[in-house]
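Below is one structure, written out as structure tokens, with a few remarks after it.
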Amino acid sequence: MSGGVLYVVATPIGNLEDLSPRALRILGEVDLIAAEDTRRTRALLTHHGLRRPLASYYDAVERERAPALARKLRDGARVALVSDAGTPGLNDPGYHLVRAALEAGVPVVPVPGPSAVTALLSVAGIPCERFAFEGFLPSRAGPRRRRLEALRADPRALVFLEAGRRLPGFLDAAAAVLGDRLAVVGRELTKRHEEILRGRLSEIAATLAAREVVRGEVTVLVAGDPETSAAAGTGADLDERIRALRAEGGSLRDLSATLALEFGLPKREVYQRALALEAADPHQSSR
């Protein structure tokens with residue numbers, strides 16, 4: 001019998017139309033689907049008119065069940081690994097089965113698709129070319145604060161996952177430790193009640209404070225540390241944008257507001273940088 005294949009298949013994070021044609025075909029062809037939640041996966045399959053054998057594969061049992069699934073793969077089975085929603089292995093079960101398959105000499109094939117992380121990054125509107133995915137932070141205040149303190153000087157944008165009911169506490173803690181940075185909160189992404197909030201951490205927290213309860217699954221993007229971001233290379237890009245806007249006739253006040261949002265920096269910092277550039281370049285406009 002020919003060897004098996006493990007397909008790591010991304011499934012919709014909300015909107016069922018986001019299942020790719022390739023993912024749909026593979027889910028209909030495999031011998032077995034290893035699912036984080038068999039009920040949710042069965043509902044997805046039923047929606048698309050598919051019926052395939054399912055095996056439960058969630059956090060508490062993945063170490064235990066990975067060897068048996070790897071044996072099936074080695075014996076020729078074609079297995080699809082799926083999580084509740086999105087891409088397996090990103091804050092979801094997957095690592096142990098992928099590792100076991102590779103050690104058994106079985107090909108592991110990615111079938112990319114939906115991800116709450118990339119969905120939010122794509123519409124954030126703040127610099128996130130480089131980002132660090134932190135997932136869920138500890139729920140207890142002390143350990144959460146210590147983790148945030150370790151991230152305070154990171155120049156990359158920071159991506160977190162959070163439960164809606166814990167979001168207000170997270171936003172307050174992030175603002176206290178990281179400073180009142182620009183952030184974007186995506187709640188129930190691609191679902192019927194999708195909501196995207198943008199602003200400073202304190203502004204988003206104030207918006208949510210008027211609500212009795214915050215529900216749903218949440219992804220949070222927080223701008224990286226502005227000082228280390230500039231040292232890591234954002235400074236050169238900022239200088240270029242300042243010169244371009246000044247050449248177009250923009251005032252220092254207006255360009256400072258525009259670029260502060262674009263780069264996730266305080267307006268005062270952008271303004272001071274623009275003044276420094278004009279002092280160093282006598283040909284620069286001084287409107």
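Following the order of the structure tokens, first chain is A, next is B, and so on, with residues numbered from 1 inside each chain and ligands from 1 in the order they appear.
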
*Using DSSP on the backbone coordinates, identify all residues within range 86-126 of chain A classified as strand (DSSP E); present the result as a list in words.*
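Filtering range 86-126 of chain A down to strand (DSSP E) leaves Val108, Val109, Pro110 and Val111 of chain A.
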
How would the residues just picked look written out with N, CA and C atoms as a PDB file, in the first residue's frame?
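As written to disk, again27.pdb reads:
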ATOM      1  N   VAL A 108       3.544  15.890   4.960  1.00  0.00           N
ATOM      2  CA  VAL A 108       2.582  16.784   5.612  1.00  0.00           C
ATOM      3  C   VAL A 108       2.340  17.953   4.663  1.00  0.00           C
ATOM      4  N   VAL A 109       1.094  18.123   4.255  1.00  0.00           N
ATOM      5  CA  VAL A 109       0.750  19.089   3.207  1.00  0.00           C
ATOM      6  C   VAL A 109      -0.147  20.191   3.770  1.00  0.00           C
ATOM      7  N   PRO A 110       0.271  21.456   3.664  1.00  0.00           N
ATOM      8  CA  PRO A 110      -0.594  22.542   4.137  1.00  0.00           C
ATOM      9  C   PRO A 110      -1.686  22.869   3.125  1.00  0.00           C
ATOM     10  N   VAL A 111      -2.882  23.083   3.624  1.00  0.00           N
ATOM     11  CA  VAL A 111      -3.996  23.554   2.787  1.00  0.00           C
ATOM     12  C   VAL A 111      -4.430  24.875   3.413  1.00  0.00           C
TER      13      VAL A 111
END

*range 3-6 of chain A environment, 10 Å, only C-alpha atoms, sequence neighbours closer than 5 positions dropped, as a list in words*: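 Those residues are Val30, Asp31, Leu32, Ile33, Ala34, Leu69, Ala70, Arg71, Lys72, Leu73, Arg74, Asp75, Gly76, Ala77, Arg78, Val79, Ala80, Leu81, Leu97, Val98, Ala101, Leu102, Gly105, Val106, Pro107, Val108, Val109 and Pro110 of chain A.
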
Kindly assemble as JSON lines a list of the range 195-281 of chain A residues that lie within 10 Å of range 128-142 of chain A, each paired with its nearest atom pair and their distance in Å to one decimal, using only C-alpha atoms, sorted first by chain and then by ascending residue number.
{"residue": "A:Thr219", "atom": "CA", "partner": "A:Gly135", "partner_atom": "CA", "distance": 8.7}
{"residue": "A:Val220", "atom": "CA", "partner": "A:Gly135", "partner_atom": "CA", "distance": 9.4}
{"residue": "A:Leu221", "atom": "CA", "partner": "A:Cys128", "partner_atom": "CA", "distance": 8.7}
{"residue": "A:Val222", "atom": "CA", "partner": "A:Cys128", "partner_atom": "CA", "distance": 9.2}
{"residue": "A:Ala223", "atom": "CA", "partner": "A:Cys128", "partner_atom": "CA", "distance": 7.6}
{"residue": "A:Gly224", "atom": "CA", "partner": "A:Phe131", "partner_atom": "CA", "distance": 8.1}
{"residue": "A:Phe263", "atom": "CA", "partner": "A:Cys128", "partner_atom": "CA", "distance": 9.3}
{"residue": "A:Gly264", "atom": "CA", "partner": "A:Cys128", "partner_atom": "CA", "distance": 9.8}

*asked:* Need to verify the contact set: range 8-12 of chain A, 8 Å, only C-alpha atoms, exclusion of same-chain residues closer than 4 positions in sequence. Can you return it as a list in words?
replied: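 With the cut-off at 8 Å, the set is Leu16, Glu17, Asp18, Leu19, Ala23, Ala80, Leu81, Val82, Ser83, Asp84, Ala85, Gly86, Thr87, Pro88, Val108, Val109, Pro110, Val111, Pro112, Gly113, Pro114 and Ser115 of chain A.
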
*Identify, on the basis of only C-alpha atoms, every residue whose closest approach to Glu188 in chain A does not exceed 12 Å; exclude the query and any residue fewer than 2 positions from it along the same chain; express the result as a list in words.*
Pro12, Ile13, Gly14, Asn15, Ala85, Ala116, Ala119, Leu120, Leu161, Glu162, Ala163, Gly164, Val185, Gly186, Thr190, Lys191, Arg192, His193, Glu194, Glu195, Ile196, Leu197, Val214, Arg215, Gly216, Glu217, Val218, Thr219 and Val220 of chain A

For those residues, write C-alpha atoms to a file as an mmCIF file, in the first residue's frame.
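Writing done, so here's result01.cif:
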data_model
loop_
_atom_site.group_PDB
_atom_site.id
_atom_site.type_symbol
_atom_site.label_atom_id
_atom_site.label_comp_id
_atom_site.auth_asym_id
_atom_site.auth_seq_id
_atom_site.Cartn_x
_atom_site.Cartn_y
_atom_site.Cartn_z
ATOM 1 C CA PRO A 12 -13.703 28.974 8.198
ATOM 2 C CA ILE A 13 -13.453 31.140 11.317
ATOM 3 C CA GLY A 14 -17.074 32.143 10.895
ATOM 4 C CA ASN A 15 -18.394 32.548 7.376
ATOM 5 C CA ALA A 85 -11.891 27.248 13.166
ATOM 6 C CA ALA A 116 -8.235 35.351 12.541
ATOM 7 C CA ALA A 119 -7.723 38.633 8.781
ATOM 8 C CA LEU A 120 -7.217 41.342 11.412
ATOM 9 C CA LEU A 161 -6.307 36.320 21.448
ATOM 10 C CA GLU A 162 -8.845 36.941 24.180
ATOM 11 C CA ALA A 163 -12.321 35.934 25.291
ATOM 12 C CA GLY A 164 -14.857 38.734 25.042
ATOM 13 C CA VAL A 185 -9.752 44.836 18.156
ATOM 14 C CA GLY A 186 -11.538 42.338 15.928
ATOM 15 C CA THR A 190 -16.299 37.077 9.465
ATOM 16 C CA LYS A 191 -19.385 36.247 11.534
ATOM 17 C CA ARG A 192 -22.796 37.928 11.506
ATOM 18 C CA HIS A 193 -21.927 40.278 14.373
ATOM 19 C CA GLU A 194 -18.395 41.113 13.217
ATOM 20 C CA GLU A 195 -17.007 44.262 14.825
ATOM 21 C CA ILE A 196 -13.664 46.039 14.363
ATOM 22 C CA LEU A 197 -12.660 48.782 16.801
ATOM 23 C CA VAL A 214 -18.634 41.775 25.707
ATOM 24 C CA ARG A 215 -19.274 38.494 23.942
ATOM 25 C CA GLY A 216 -17.519 36.429 21.326
ATOM 26 C CA GLU A 217 -14.019 35.562 20.211
ATOM 27 C CA VAL A 218 -11.567 38.444 20.028
ATOM 28 C CA THR A 219 -8.271 39.126 18.264
ATOM 29 C CA VAL A 220 -6.259 42.163 19.377
#

_Between CA of Asp92 in chain A and CA of Arg51 in chain A - distance in Å to one decimal_ =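 Atom-to-atom, CA of Arg51 in chain A and CA of Asp92 in chain A are spaced 23.5 Å apart.
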
*Closest to Leu27 in chain A among A:Leu178, A:Ala209, A:Leu277, A:Leu45, using only C-alpha atoms?*
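Smallest separation from Leu27 in chain A among the options: A:Leu45.
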
*asked:* Please identify the alpha helix (DSSP H) residues within range 21-237 of chain A (assignment by DSSP from backbone atoms) and present them as an MDAnalysis selection string.
replied: chainID A and resid 21:29 38:47 62:74 95:103 116:122 141:151 167:178 201:209 226:229 235:237

*Any idea what's packed within 6 Å of range 36-44 of chain A, counting only C-alpha atoms, ignoring anything in its chain fewer than 2 positions away? Could you give it as a VMD selection string?*
chain A and resid 46 to 47 56 to 58 83 to 84

Since we have the selection now, will you write its residues out, keeping C-alpha atoms, as a PDB file, in the first residue's frame?
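Resulting contents of part-v6.pdb:
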ATOM      1  CA  THR A  46     -23.084  18.621   6.477  1.00  0.00           C
ATOM      2  CA  HIS A  47     -23.350  22.209   5.223  1.00  0.00           C
ATOM      3  CA  SER A  56     -11.675  13.485  18.086  1.00  0.00           C
ATOM      4  CA  TYR A  57      -8.338  15.282  18.423  1.00  0.00           C
ATOM      5  CA  TYR A  58      -8.306  18.105  20.989  1.00  0.00           C
ATOM      6  CA  SER A  83      -9.333  22.726  14.280  1.00  0.00           C
ATOM      7  CA  ASP A  84     -12.537  24.343  15.514  1.00  0.00           C
TER       8      ASP A  84
END

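CA of Leu255 in chain A to CA of Leu182 in chain A spans 17.3 Å [interatomic distance, one decimal].
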
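Candidate residues A:Leu167, A:Ile242, A:Leu259, A:Val177 were compared for distance to Thr207 in chain A, and the nearest is A:Leu167, using only C-alpha atoms.
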
*Give me the residues within 12 Å of Ala150 in chain A as an MDAnalysis selection string, counting only C-alpha atoms and dropping any in the same chain fewer than 2 places off.*
chainID A and resid 134 143:148 152:154 158 174 177:178 225
